file entry.tsv (TSV, C-alpha atoms)
chain	number	residue	atom	x	y	z
A	15	MET	CA	87.55	105.78	95.39
A	16	LYS	CA	85.90	108.17	97.84
A	17	VAL	CA	86.39	111.90	97.39
A	18	THR	CA	85.53	115.04	99.33
A	19	ALA	CA	84.85	118.04	97.13
A	20	MET	CA	84.19	121.74	97.42
A	21	ILE	CA	82.18	122.96	94.46
A	22	SER	CA	81.89	126.58	93.45
A	23	ILE	CA	79.98	127.17	90.23
A	24	ILE	CA	79.95	130.62	88.58
A	25	PRO	CA	77.55	131.20	85.69
A	26	ILE	CA	78.82	133.92	83.33
A	27	GLY	CA	76.53	135.98	81.18
A	28	GLY	CA	73.41	135.11	83.12
A	29	GLY	CA	73.05	138.15	85.35
A	30	LEU	CA	74.47	139.35	88.64
A	31	SER	CA	72.55	137.10	90.98
A	32	LEU	CA	74.03	133.63	91.24
A	33	SER	CA	71.55	132.09	93.70
A	34	PRO	CA	68.93	131.20	91.03
A	35	TYR	CA	71.59	128.92	89.49
A	36	VAL	CA	73.14	127.67	92.70
A	37	ALA	CA	69.85	126.47	94.20
A	38	PRO	CA	69.01	123.86	91.49
A	39	CYS	CA	72.61	122.70	91.59
A	40	GLU	CA	72.35	122.23	95.35
A	41	ARG	CA	69.25	120.11	94.76
A	42	ILE	CA	71.09	117.95	92.19
A	43	LEU	CA	73.89	117.33	94.70
A	44	ALA	CA	71.39	116.40	97.43
A	45	GLU	CA	69.43	114.07	95.13
A	46	ALA	CA	72.68	112.29	94.25
A	47	GLY	CA	73.04	111.48	97.96
A	48	LEU	CA	76.08	113.71	98.40
A	49	ASP	CA	74.79	115.51	101.51
A	50	PRO	CA	75.87	118.99	100.38
A	51	LYS	CA	76.92	121.49	103.04
A	52	LEU	CA	76.27	124.93	101.59
A	53	HIS	CA	78.52	127.78	102.68
A	54	ALA	CA	79.32	131.29	101.47
A	55	HIS	CA	81.88	130.16	98.87
A	56	GLY	CA	80.36	126.94	97.59
A	57	SER	CA	79.10	123.60	98.73
A	58	ASN	CA	81.01	120.71	100.31
A	59	VAL	CA	80.10	117.15	99.36
A	60	GLU	CA	81.52	113.68	99.85
A	61	GLY	CA	80.89	110.41	97.98
A	62	GLU	CA	82.21	108.06	95.35
A	63	TRP	CA	84.36	109.78	92.71
A	64	ASP	CA	82.04	108.94	89.80
A	65	THR	CA	78.88	109.93	91.69
A	66	VAL	CA	80.39	113.30	92.59
A	67	MET	CA	81.69	114.02	89.08
A	68	ASP	CA	78.44	112.93	87.48
A	69	ALA	CA	76.43	115.24	89.74
A	70	ILE	CA	78.74	118.16	88.91
A	71	ARG	CA	78.28	117.49	85.19
A	72	ARG	CA	74.51	117.58	85.68
A	73	CYS	CA	74.88	120.92	87.51
A	74	HIS	CA	76.67	122.33	84.47
A	75	GLU	CA	74.02	120.95	82.11
A	76	LYS	CA	71.22	122.39	84.27
A	77	VAL	CA	72.81	125.85	84.56
A	78	HIS	CA	73.34	125.99	80.78
A	79	GLU	CA	69.69	124.95	80.23
A	80	MET	CA	68.62	127.76	82.56
A	81	GLY	CA	70.27	130.27	80.24
A	82	ALA	CA	73.86	130.84	81.34
A	83	PRO	CA	75.96	130.40	78.18
A	84	ARG	CA	79.24	130.11	80.04
A	85	ILE	CA	80.24	128.56	83.36
A	86	SER	CA	83.44	128.66	85.37
A	87	THR	CA	83.63	126.12	88.20
A	88	TYR	CA	86.16	125.63	90.93
A	89	LEU	CA	86.58	122.23	92.52
A	90	LYS	CA	88.81	121.34	95.42
A	91	LEU	CA	89.11	117.57	95.68
A	92	GLY	CA	90.54	115.44	98.47
A	93	THR	CA	91.33	111.71	98.46
A	94	ARG	CA	93.27	109.67	100.98
A	95	THR	CA	94.28	106.04	101.37
A	96	ASP	CA	95.61	106.05	104.94
A	97	ARG	CA	92.19	106.20	106.55
A	98	ASP	CA	88.56	106.98	105.88
A	99	LEU	CA	87.81	110.41	104.62
A	100	SER	CA	85.33	112.51	106.50
A	101	MET	CA	84.53	116.17	106.22
A	102	ASP	CA	83.13	116.20	109.75
A	103	ASP	CA	86.43	114.80	111.08
A	104	ALA	CA	88.39	117.51	109.26
A	105	VAL	CA	86.47	120.28	111.00
A	106	ARG	CA	86.45	118.48	114.36
A	107	SER	CA	90.20	117.98	114.46
A	108	VAL	CA	90.84	121.69	113.91
A	109	ARG	CA	88.33	122.59	116.63
A	110	GLU	CA	90.06	120.18	119.02
A	111	LYS	CA	93.44	121.80	118.36
A	112	LEU	CA	91.92	125.21	118.96
A	113	ALA	CA	90.40	124.04	122.26
A	114	GLU	CA	93.68	122.45	123.43
A	115	ASN	CA	95.64	125.61	122.84
A	116	GLU	CA	93.11	127.77	124.58
A	117	GLY	CA	92.69	125.38	127.49
B	11	MET	CA	79.91	118.24	76.76
B	12	LYS	CA	83.36	119.71	76.15
B	13	VAL	CA	85.29	121.15	79.06
B	14	THR	CA	88.52	123.06	79.54
B	15	ALA	CA	90.26	122.33	82.82
B	16	MET	CA	93.20	123.49	84.86
B	17	ILE	CA	94.49	120.70	87.08
B	18	SER	CA	96.74	121.24	90.06
B	19	ILE	CA	97.46	118.12	92.07
B	20	ILE	CA	99.19	118.35	95.47
B	21	PRO	CA	100.36	115.10	97.09
B	22	ILE	CA	100.51	115.41	100.91
B	23	GLY	CA	102.78	113.29	103.04
B	24	GLY	CA	104.97	112.20	100.17
B	25	GLY	CA	107.88	114.61	100.52
B	26	LEU	CA	108.66	118.15	99.50
B	27	SER	CA	109.27	117.61	95.83
B	28	LEU	CA	106.08	117.41	93.80
B	29	SER	CA	107.58	116.84	90.35
B	30	PRO	CA	107.99	113.04	90.78
B	31	TYR	CA	104.20	112.86	91.14
B	32	VAL	CA	103.30	115.50	88.60
B	33	ALA	CA	105.29	113.90	85.77
B	34	PRO	CA	103.35	110.58	85.65
B	35	CYS	CA	100.10	112.52	85.92
B	36	GLU	CA	101.16	114.66	82.96
B	37	ARG	CA	101.75	111.45	81.01
B	38	ILE	CA	98.27	110.13	81.91
B	39	LEU	CA	96.71	113.36	80.64
B	40	ALA	CA	98.69	113.17	77.39
B	41	GLU	CA	97.83	109.52	76.83
B	42	ALA	CA	94.14	110.36	77.27
B	43	GLY	CA	94.51	112.71	74.28
B	44	LEU	CA	93.96	115.83	76.39
B	45	ASP	CA	96.99	117.73	75.05
B	46	PRO	CA	98.16	119.00	78.46
B	47	LYS	CA	99.85	122.42	78.61
B	48	LEU	CA	102.08	122.35	81.67
B	49	HIS	CA	102.70	125.62	83.52
B	50	ALA	CA	104.02	126.67	86.89
B	51	HIS	CA	100.70	126.18	88.72
B	52	GLY	CA	99.28	123.12	87.01
B	53	SER	CA	98.36	121.78	83.64
B	54	ASN	CA	95.66	122.95	81.22
B	55	VAL	CA	93.70	120.36	79.24
B	56	GLU	CA	90.62	120.27	77.05
B	57	GLY	CA	88.35	117.41	75.98
B	58	GLU	CA	85.09	115.62	76.63
B	59	TRP	CA	83.90	115.93	80.25
B	60	ASP	CA	84.07	112.18	80.99
B	61	THR	CA	87.49	111.77	79.37
B	62	VAL	CA	88.90	114.63	81.44
B	63	MET	CA	87.39	113.42	84.71
B	64	ASP	CA	88.45	109.85	84.10
B	65	ALA	CA	92.05	110.93	83.46
B	66	ILE	CA	92.08	112.99	86.66
B	67	ARG	CA	90.82	109.99	88.63
B	68	ARG	CA	93.65	107.91	87.18
B	69	CYS	CA	96.12	110.62	88.24
B	70	HIS	CA	94.85	110.33	91.83
B	71	GLU	CA	95.08	106.54	91.71
B	72	LYS	CA	98.62	106.69	90.32
B	73	VAL	CA	99.83	109.24	92.89
B	74	HIS	CA	98.39	107.14	95.73
B	75	GLU	CA	100.09	104.02	94.29
B	76	MET	CA	103.39	105.93	94.22
B	77	GLY	CA	103.15	106.44	97.97
B	78	ALA	CA	101.34	109.70	98.71
B	79	PRO	CA	98.62	108.82	101.23
B	80	ARG	CA	96.72	112.05	100.78
B	81	ILE	CA	96.04	114.29	97.77
B	82	SER	CA	94.50	117.73	97.44
B	83	THR	CA	93.60	118.76	93.90
B	84	TYR	CA	92.35	122.03	92.49
B	85	LEU	CA	90.36	122.01	89.29
B	86	LYS	CA	89.11	125.01	87.37
B	87	LEU	CA	86.55	123.94	84.81
B	88	GLY	CA	85.03	125.89	81.93
B	89	THR	CA	82.08	124.97	79.74
B	90	ARG	CA	80.17	127.11	77.25
B	91	THR	CA	77.24	126.64	74.92
B	92	ASP	CA	77.43	129.84	72.87
B	93	ARG	CA	80.41	128.74	70.82
B	94	ASP	CA	83.25	126.26	70.67
B	95	LEU	CA	85.61	126.26	73.57
B	96	SER	CA	89.27	126.68	72.90
B	97	MET	CA	92.12	127.38	75.26
B	98	ASP	CA	94.19	128.83	72.42
B	99	ASP	CA	91.40	131.29	71.62
B	100	ALA	CA	91.22	132.41	75.26
B	101	VAL	CA	94.88	133.36	75.30
B	102	ARG	CA	94.78	134.88	71.80
B	103	SER	CA	91.87	137.16	72.56
B	104	VAL	CA	93.64	138.64	75.59
B	105	ARG	CA	96.81	139.15	73.54
B	106	GLU	CA	94.81	140.93	70.84
B	107	LYS	CA	93.27	143.29	73.40
B	108	LEU	CA	96.75	144.02	74.78
B	109	ALA	CA	98.09	144.74	71.29
B	110	GLU	CA	95.14	147.03	70.43
B	111	ASN	CA	95.64	149.13	73.52
B	112	GLU	CA	99.34	149.47	72.98
B	113	GLY	CA	98.99	150.21	69.24
C	17	MET	CA	108.37	136.91	101.73
C	18	LYS	CA	108.38	135.86	98.08
C	19	VAL	CA	105.29	134.28	96.60
C	20	THR	CA	104.32	132.63	93.34
C	21	ALA	CA	100.69	133.15	92.38
C	22	MET	CA	98.21	132.03	89.78
C	23	ILE	CA	95.52	134.66	89.27
C	24	SER	CA	92.21	134.01	87.62
C	25	ILE	CA	89.81	136.94	87.67
C	26	ILE	CA	86.18	136.49	86.63
C	27	PRO	CA	84.04	139.62	86.19
C	28	ILE	CA	80.33	138.89	86.77
C	29	GLY	CA	77.60	140.95	85.23
C	30	GLY	CA	79.84	142.55	82.64
C	31	GLY	CA	79.09	140.40	79.60
C	32	LEU	CA	80.25	137.10	78.21
C	33	SER	CA	83.66	138.12	76.97
C	34	LEU	CA	86.27	138.26	79.69
C	35	SER	CA	89.28	139.35	77.62
C	36	PRO	CA	88.42	143.10	77.73
C	37	TYR	CA	88.83	142.87	81.53
C	38	VAL	CA	91.75	140.46	81.60
C	39	ALA	CA	93.95	142.56	79.29
C	40	PRO	CA	94.15	145.67	81.55
C	41	CYS	CA	94.73	143.42	84.53
C	42	GLU	CA	97.60	141.74	82.68
C	43	ARG	CA	99.08	145.19	82.08
C	44	ILE	CA	98.81	146.08	85.80
C	45	LEU	CA	100.66	142.87	86.71
C	46	ALA	CA	103.40	143.62	84.16
C	47	GLU	CA	103.79	147.22	85.31
C	48	ALA	CA	104.21	146.00	88.89
C	49	GLY	CA	107.24	144.02	87.68
C	50	LEU	CA	105.59	140.66	88.26
C	51	ASP	CA	106.45	139.22	84.83
C	52	PRO	CA	103.00	137.68	84.22
C	53	LYS	CA	102.83	134.46	82.20
C	54	LEU	CA	99.38	134.38	80.63
C	55	HIS	CA	97.77	130.98	80.01
C	56	ALA	CA	94.30	129.68	79.27
C	57	HIS	CA	93.16	129.65	82.91
C	58	GLY	CA	94.83	132.73	84.32
C	59	SER	CA	98.19	134.37	84.71
C	60	ASN	CA	101.20	133.23	86.74
C	61	VAL	CA	103.29	135.81	88.57
C	62	GLU	CA	106.05	135.87	91.14
C	63	GLY	CA	107.30	138.62	93.46
C	64	GLU	CA	107.16	140.01	96.96
C	65	TRP	CA	103.94	139.17	98.81
C	66	ASP	CA	102.82	142.81	99.21
C	67	THR	CA	103.66	143.74	95.61
C	68	VAL	CA	101.62	140.80	94.31
C	69	MET	CA	98.63	141.47	96.57
C	70	ASP	CA	98.68	145.17	95.83
C	71	ALA	CA	98.66	144.51	92.07
C	72	ILE	CA	95.73	142.12	92.44
C	73	ARG	CA	93.79	144.74	94.38
C	74	ARG	CA	94.42	147.22	91.60
C	75	CYS	CA	93.13	144.66	89.08
C	76	HIS	CA	89.88	144.42	91.06
C	77	GLU	CA	89.58	148.21	91.26
C	78	LYS	CA	90.22	148.54	87.50
C	79	VAL	CA	87.71	145.85	86.53
C	80	HIS	CA	85.04	147.45	88.74
C	81	GLU	CA	85.79	150.87	87.16
C	82	MET	CA	85.35	149.29	83.72
C	83	GLY	CA	81.81	148.35	84.64
C	84	ALA	CA	81.75	144.87	86.17
C	85	PRO	CA	79.80	145.20	89.43
C	86	ARG	CA	80.93	141.87	90.81
C	87	ILE	CA	84.21	139.93	90.61
C	88	SER	CA	85.17	136.44	91.66
C	89	THR	CA	88.90	135.75	91.71
C	90	TYR	CA	90.83	132.57	92.29
C	91	LEU	CA	94.35	132.74	93.59
C	92	LYS	CA	96.73	129.85	94.09
C	93	LEU	CA	99.67	130.96	96.20
C	94	GLY	CA	102.97	129.23	96.88
C	95	THR	CA	105.64	130.12	99.44
C	96	ARG	CA	108.67	128.12	100.57
C	97	THR	CA	111.52	128.58	103.00
C	98	ASP	CA	113.76	125.66	102.05
C	99	ARG	CA	115.05	127.26	98.88
C	100	ASP	CA	114.35	129.99	96.36
C	101	LEU	CA	111.04	129.87	94.64
C	102	SER	CA	110.98	129.88	90.89
C	103	MET	CA	108.16	129.19	88.51
C	104	ASP	CA	110.62	128.28	85.77
C	105	ASP	CA	112.22	125.69	88.04
C	106	ALA	CA	108.82	124.15	88.79
C	107	VAL	CA	108.11	123.53	85.13
C	108	ARG	CA	111.67	122.44	84.38
C	109	SER	CA	111.76	119.81	87.10
C	110	VAL	CA	108.58	118.16	85.79
C	111	ARG	CA	109.98	118.19	82.25
C	112	GLU	CA	113.19	116.56	83.47
C	113	LYS	CA	111.24	113.79	85.20
C	114	LEU	CA	109.25	113.23	82.02
C	115	ALA	CA	112.45	113.03	79.96
C	116	GLU	CA	114.11	110.60	82.41
C	117	ASN	CA	111.18	108.22	82.30
C	118	GLU	CA	110.97	108.30	78.55
C	119	GLY	CA	114.73	107.96	78.08
D	29	MET	CA	87.51	147.81	99.40
D	30	LYS	CA	85.68	145.02	101.22
D	31	VAL	CA	86.36	141.43	100.21
D	32	THR	CA	84.95	138.03	101.08
D	33	ALA	CA	87.52	135.25	100.96
D	34	MET	CA	87.71	131.50	101.24
D	35	ILE	CA	91.14	130.44	102.47
D	36	SER	CA	92.49	126.94	102.17
D	37	ILE	CA	96.08	126.54	103.30
D	38	ILE	CA	98.02	123.32	102.61
D	39	PRO	CA	101.40	122.85	104.31
D	40	ILE	CA	103.69	120.55	102.30
D	41	GLY	CA	106.46	118.53	103.85
D	42	GLY	CA	105.15	118.88	107.39
D	43	GLY	CA	103.33	115.60	107.82
D	44	LEU	CA	99.95	114.18	106.94
D	45	SER	CA	97.86	115.95	109.53
D	46	LEU	CA	96.96	119.49	108.56
D	47	SER	CA	94.95	120.49	111.64
D	48	PRO	CA	98.01	121.44	113.76
D	49	TYR	CA	98.73	124.13	111.13
D	50	VAL	CA	95.17	125.13	110.40
D	51	ALA	CA	94.29	125.83	114.05
D	52	PRO	CA	96.85	128.66	114.62
D	53	CYS	CA	95.90	130.13	111.27
D	54	GLU	CA	92.25	130.12	112.32
D	55	ARG	CA	93.28	132.01	115.46
D	56	ILE	CA	95.18	134.62	113.40
D	57	LEU	CA	92.10	135.19	111.24
D	58	ALA	CA	89.89	135.57	114.33
D	59	GLU	CA	92.30	137.96	116.05
D	60	ALA	CA	92.33	140.11	112.90
D	61	GLY	CA	88.57	140.54	113.39
D	62	LEU	CA	87.71	138.56	110.25
D	63	ASP	CA	85.12	136.31	111.91
D	64	PRO	CA	86.34	133.09	110.25
D	65	LYS	CA	83.74	130.41	109.45
D	66	LEU	CA	85.61	127.11	109.40
D	67	HIS	CA	84.35	124.36	107.10
D	68	ALA	CA	85.69	121.12	105.69
D	69	HIS	CA	87.58	122.77	102.81
D	70	GLY	CA	88.84	125.97	104.41
D	71	SER	CA	87.69	129.03	106.24
D	72	ASN	CA	85.47	131.88	105.03
D	73	VAL	CA	86.27	135.42	106.14
D	74	GLU	CA	85.17	138.94	105.26
D	75	GLY	CA	86.79	142.31	105.87
D	76	GLU	CA	88.85	145.08	104.34
D	77	TRP	CA	91.16	143.88	101.52
D	78	ASP	CA	94.40	144.82	103.28
D	79	THR	CA	93.32	143.33	106.63
D	80	VAL	CA	92.43	140.04	104.94
D	81	MET	CA	95.63	139.85	102.91
D	82	ASP	CA	97.78	140.80	105.88
D	83	ALA	CA	96.21	138.06	108.02
D	84	ILE	CA	96.81	135.50	105.29
D	85	ARG	CA	100.46	136.52	105.07
D	86	ARG	CA	100.78	136.04	108.82
D	87	CYS	CA	99.23	132.57	108.46
D	88	HIS	CA	101.95	131.68	105.93
D	89	GLU	CA	104.66	133.06	108.21
D	90	LYS	CA	103.28	131.12	111.20
D	91	VAL	CA	102.99	127.83	109.30
D	92	HIS	CA	106.57	128.18	108.03
D	93	GLU	CA	107.77	128.92	111.59
D	94	MET	CA	105.99	125.77	112.78
D	95	GLY	CA	108.13	123.72	110.42
D	96	ALA	CA	106.38	123.36	107.08
D	97	PRO	CA	108.96	124.36	104.46
D	98	ARG	CA	106.45	124.74	101.66
D	99	ILE	CA	102.85	125.99	101.53
D	100	SER	CA	100.22	125.96	98.81
D	101	THR	CA	97.20	128.16	99.48
D	102	TYR	CA	94.02	128.49	97.60
D	103	LEU	CA	92.03	131.74	97.88
D	104	LYS	CA	88.65	132.55	96.40
D	105	LEU	CA	87.99	136.28	96.58
D	106	GLY	CA	84.78	138.20	95.98
D	107	THR	CA	84.29	141.95	95.64
D	108	ARG	CA	81.24	143.87	94.49
D	109	THR	CA	80.30	147.51	93.99
D	110	ASP	CA	76.56	147.21	93.42
D	111	ARG	CA	75.73	146.56	97.06
D	112	ASP	CA	77.21	145.51	100.36
D	113	LEU	CA	78.90	142.18	100.43
D	114	SER	CA	77.80	139.67	102.99
D	115	MET	CA	78.59	136.00	103.29
D	116	ASP	CA	75.43	135.44	105.32
D	117	ASP	CA	73.33	136.97	102.55
D	118	ALA	CA	74.95	134.67	99.98
D	119	VAL	CA	73.92	131.58	101.87
D	120	ARG	CA	70.49	132.95	102.77
D	121	SER	CA	69.57	133.79	99.19
D	122	VAL	CA	70.33	130.25	98.02
D	123	ARG	CA	68.30	128.82	100.90
D	124	GLU	CA	65.37	131.07	99.97
D	125	LYS	CA	65.47	129.88	96.36
D	126	LEU	CA	65.52	126.28	97.57
D	127	ALA	CA	62.53	126.91	99.85
D	128	GLU	CA	60.55	128.66	97.09
D	129	ASN	CA	61.01	125.79	94.71
D	130	GLU	CA	60.07	123.22	97.27
D	131	GLY	CA	57.12	125.25	98.55

call {"tool": "encode", "arguments": {"input": "entry.tsv", "output": "structure tokens"}}
result
Amino acid sequence: MKVTAMISIIPIGGGLSLSPYVAPCERILAEAGLDPKLHAHGSNVEGEWDTVMDAIRRCHEKVHEMGAPRISTYLKLGTRTDRDLSMDDAVRSVREKLAENEG
Amino acid sequence: MKVTAMISIIPIGGGLSLSPYVAPCERILAEAGLDPKLHAHGSNVEGEWDTVMDAIRRCHEKVHEMGAPRISTYLKLGTRTDRDLSMDDAVRSVREKLAENEG
Amino acid sequence: MKVTAMISIIPIGGGLSLSPYVAPCERILAEAGLDPKLHAHGSNVEGEWDTVMDAIRRCHEKVHEMGAPRISTYLKLGTRTDRDLSMDDAVRSVREKLAENEG
Amino acid sequence: MKVTAMISIIPIGGGLSLSPYVAPCERILAEAGLDPKLHAHGSNVEGEWDTVMDAIRRCHEKVHEMGAPRISTYLKLGTRTDRDLSMDDAVRSVREKLAENEG
């Protein structure tokens, strides 16, 4: 089963700056072949369910190893059976609607 | 690695009532030994990372089988290495702070 | 417009224990008449949109005053126009489905 | 108080395609001066707390008017008092960490 996911990982007790933790996590997602799209509230990935979940577990393990004793993560997951999932399609179809209405 | 999770599953395109989909998912979580605590915005579970993620995947599969072509799920995950995780402790420690301040 | 909300507030940079921050926030929600239901991943409230949002803003202000320089909050909001919203109903209808299927 | 927000609005009971609802909401956010950054799991905005919350309420009202009887919205909010908030900075600081480590 394919899944699209938004991942937002918040280390707690490891200081105010989150980017030192987010960067290695971003690398783990990329190395898993999940083509992460970083944005201001997290990173969007797509792939097989188990590949995605395994990469997220490795993010948690890495962030704990780096010294954050506690982590709170938000995931938004999407699956669908009616047609292929694609994050690019999701953005494109909103942009098309916007263009139509402004046309 | 142990994880606490809040799971909120939203079937899309399967009608207005969500409870017919949530109930079987609740059963899957219980059968996986995750002791789900149902509340108005989802269900709280705790267990081993892979057990939790596997149960959530089976929820998605079940809800698709029941006829919802599209699912959006929110997960809030917590892990910690400084001490044992416990959802009961999380609630109790807030209640204790409330009681102290009102005492 | 009525709204049901799940609120999960995470102070960053204020130490590992979150309960000292969550307790005053819980009190703000109660004093606003939102009847908060505390659980392991947040607190569920229901009320008028502006009352809910105003109380959440006051939670942020309070937690900053208490010394957390950075806050990340998750909100899950529900509105509906087809019938009255009720968090109790949401839980009850899942429990009824569970009972039917086990009957 | 300034806030950064990720907004993900899910109409329920209004069909499988979400883009017809997301597009007008995106326009409301833009007209409120919130400079929305659309991505595959929602839209990122930044602005004054009340301006952001007011725009989100108008999104709900609009989506209900368009025929979706039920809406579930997911918000991730960030506030900070130690320095100015900026979504661009958040992304840039992760990219800098990635570049350093690859350098």

call {"tool": "residues_around", "arguments": {"input": "entry.tsv", "residues": "Lys18 in chain C", "least_positions_apart": "6", "cutoff": "7 Å", "atoms": "only C-alpha atoms", "output": "MDAnalysis selection string"}}
result
chainID C and resid 63:65 95

call {"tool": "write_last_selection", "arguments": {"input": "entry.tsv", "atoms": "C-alpha atoms", "output": "PDB file, in the coordinates of the input"}}
result
ATOM      1  CA  GLY C  63     107.300 138.620  93.460  1.00  0.00           C
ATOM      2  CA  GLU C  64     107.160 140.010  96.960  1.00  0.00           C
ATOM      3  CA  TRP C  65     103.940 139.170  98.810  1.00  0.00           C
ATOM      4  CA  THR C  95     105.640 130.120  99.440  1.00  0.00           C
TER       5      THR C  95
END

call {"tool": "interface_residues", "arguments": {"input": "entry.tsv", "of": "chain A", "to": "chain D", "cutoff": "12 Å", "atoms": "only C-alpha atoms", "output": "VMD selection string"}}
result
chain A and resid 18 to 24 30 to 42 44 50 to 60 87 to 92 94 to 97 99 to 116

call {"tool": "atom_distance", "arguments": {"input": "entry.tsv", "atom1": "CA of Met15 in chain A", "atom2": "CA of Ala69 in chain A"}}
result
15.7 Å

call {"tool": "atom_distance", "arguments": {"input": "entry.tsv", "atom1": "CA of Arg67 in chain B", "atom2": "CA of Val17 in chain A"}}
result
10.0 Å

call {"tool": "atom_distance", "arguments": {"input": "entry.tsv", "atom1": "CA of Met69 in chain C", "atom2": "CA of Ser82 in chain B"}}
result
24.1 Å

call {"tool": "calpha_fit_and_write", "arguments": {"input": "entry.tsv", "fixed": "chain C", "moving": "chain D", "output": "short mmCIF file (atom, residue, chain, number, x, y, z; two decimals) with C-alpha atoms, in the coordinates of the input"}}
result
data_model
loop_
_atom_site.label_atom_id
_atom_site.label_comp_id
_atom_site.auth_asym_id
_atom_site.auth_seq_id
_atom_site.Cartn_x
_atom_site.Cartn_y
_atom_site.Cartn_z
CA MET D 29 108.37 136.93 101.73
CA LYS D 30 108.40 135.88 98.08
CA VAL D 31 105.29 134.28 96.62
CA THR D 32 104.34 132.64 93.34
CA ALA D 33 100.71 133.16 92.38
CA MET D 34 98.24 132.03 89.78
CA ILE D 35 95.54 134.65 89.29
CA SER D 36 92.25 133.99 87.61
CA ILE D 37 89.83 136.91 87.67
CA ILE D 38 86.19 136.48 86.62
CA PRO D 39 84.05 139.61 86.19
CA ILE D 40 80.35 138.88 86.76
CA GLY D 41 77.59 140.92 85.21
CA GLY D 42 79.82 142.54 82.61
CA GLY D 43 79.10 140.39 79.60
CA LEU D 44 80.26 137.08 78.22
CA SER D 45 83.67 138.11 76.97
CA LEU D 46 86.28 138.24 79.69
CA SER D 47 89.28 139.36 77.62
CA PRO D 48 88.42 143.10 77.73
CA TYR D 49 88.85 142.86 81.53
CA VAL D 50 91.75 140.46 81.60
CA ALA D 51 93.94 142.56 79.28
CA PRO D 52 94.17 145.68 81.55
CA CYS D 53 94.75 143.42 84.52
CA GLU D 54 97.61 141.74 82.67
CA ARG D 55 99.08 145.20 82.08
CA ILE D 56 98.81 146.07 85.80
CA LEU D 57 100.66 142.87 86.71
CA ALA D 58 103.40 143.62 84.16
CA GLU D 59 103.80 147.23 85.29
CA ALA D 60 104.20 146.00 88.88
CA GLY D 61 107.25 144.05 87.67
CA LEU D 62 105.59 140.67 88.25
CA ASP D 63 106.46 139.22 84.83
CA PRO D 64 103.01 137.69 84.23
CA LYS D 65 102.84 134.45 82.21
CA LEU D 66 99.39 134.37 80.64
CA HIS D 67 97.77 130.98 80.02
CA ALA D 68 94.31 129.68 79.26
CA HIS D 69 93.17 129.64 82.91
CA GLY D 70 94.85 132.73 84.31
CA SER D 71 98.20 134.37 84.71
CA ASN D 72 101.22 133.22 86.74
CA VAL D 73 103.30 135.83 88.56
CA GLU D 74 106.07 135.88 91.14
CA GLY D 75 107.31 138.62 93.45
CA GLU D 76 107.19 140.01 96.96
CA TRP D 77 103.93 139.19 98.81
CA ASP D 78 102.83 142.80 99.22
CA THR D 79 103.65 143.74 95.61
CA VAL D 80 101.62 140.79 94.33
CA MET D 81 98.64 141.45 96.58
CA ASP D 82 98.67 145.17 95.83
CA ALA D 83 98.66 144.51 92.07
CA ILE D 84 95.74 142.12 92.44
CA ARG D 85 93.79 144.73 94.39
CA ARG D 86 94.41 147.22 91.60
CA CYS D 87 93.14 144.66 89.08
CA HIS D 88 89.88 144.41 91.07
CA GLU D 89 89.59 148.19 91.25
CA LYS D 90 90.22 148.53 87.49
CA VAL D 91 87.71 145.83 86.54
CA HIS D 92 85.05 147.44 88.74
CA GLU D 93 85.79 150.85 87.16
CA MET D 94 85.36 149.28 83.72
CA GLY D 95 81.81 148.32 84.65
CA ALA D 96 81.77 144.85 86.16
CA PRO D 97 79.80 145.18 89.41
CA ARG D 98 80.94 141.85 90.81
CA ILE D 99 84.21 139.91 90.61
CA SER D 100 85.19 136.41 91.65
CA THR D 101 88.92 135.74 91.71
CA TYR D 102 90.77 132.56 92.23
CA LEU D 103 94.35 132.70 93.57
CA LYS D 104 96.77 129.85 94.08
CA LEU D 105 99.70 130.97 96.21
CA GLY D 106 102.99 129.23 96.90
CA THR D 107 105.66 130.13 99.45
CA ARG D 108 108.67 128.13 100.57
CA THR D 109 111.53 128.58 103.02
CA ASP D 110 113.76 125.67 102.06
CA ARG D 111 115.05 127.28 98.88
CA ASP D 112 114.35 130.01 96.38
CA LEU D 113 111.04 129.88 94.66
CA SER D 114 110.98 129.89 90.91
CA MET D 115 108.14 129.20 88.53
CA ASP D 116 110.61 128.27 85.79
CA ASP D 117 112.21 125.68 88.06
CA ALA D 118 108.80 124.15 88.80
CA VAL D 119 108.10 123.55 85.15
CA ARG D 120 111.65 122.44 84.38
CA SER D 121 111.73 119.81 87.10
CA VAL D 122 108.55 118.18 85.81
CA ARG D 123 109.93 118.21 82.26
CA GLU D 124 113.14 116.56 83.48
CA LYS D 125 111.19 113.79 85.20
CA LEU D 126 109.20 113.24 82.02
CA ALA D 127 112.39 113.05 79.95
CA GLU D 128 114.05 110.62 82.38
CA ASN D 129 111.14 108.25 82.26
CA GLU D 130 110.92 108.35 78.52
CA GLY D 131 114.69 108.06 78.08
#

call {"tool": "axis_aligned_box", "arguments": {"input": "entry.tsv", "around": "range 101-116 of chain C", "padding_each_side": "3 Å", "output": "JSON"}}
result
{"center_x": 111.1, "center_y": 120.2, "center_z": 87.3, "size_x": 12.0, "size_y": 25.3, "size_z": 20.7}

call {"tool": "residues_near_point", "arguments": {"input": "entry.tsv", "point": "(70.4, 128.0, 76.3)", "cutoff": "12 Å", "atoms": "all atoms listed in the file", "output": "PyMOL selection string"}}
result
(chain A and resi 27-28+74-84) or (chain B and resi 90-93)
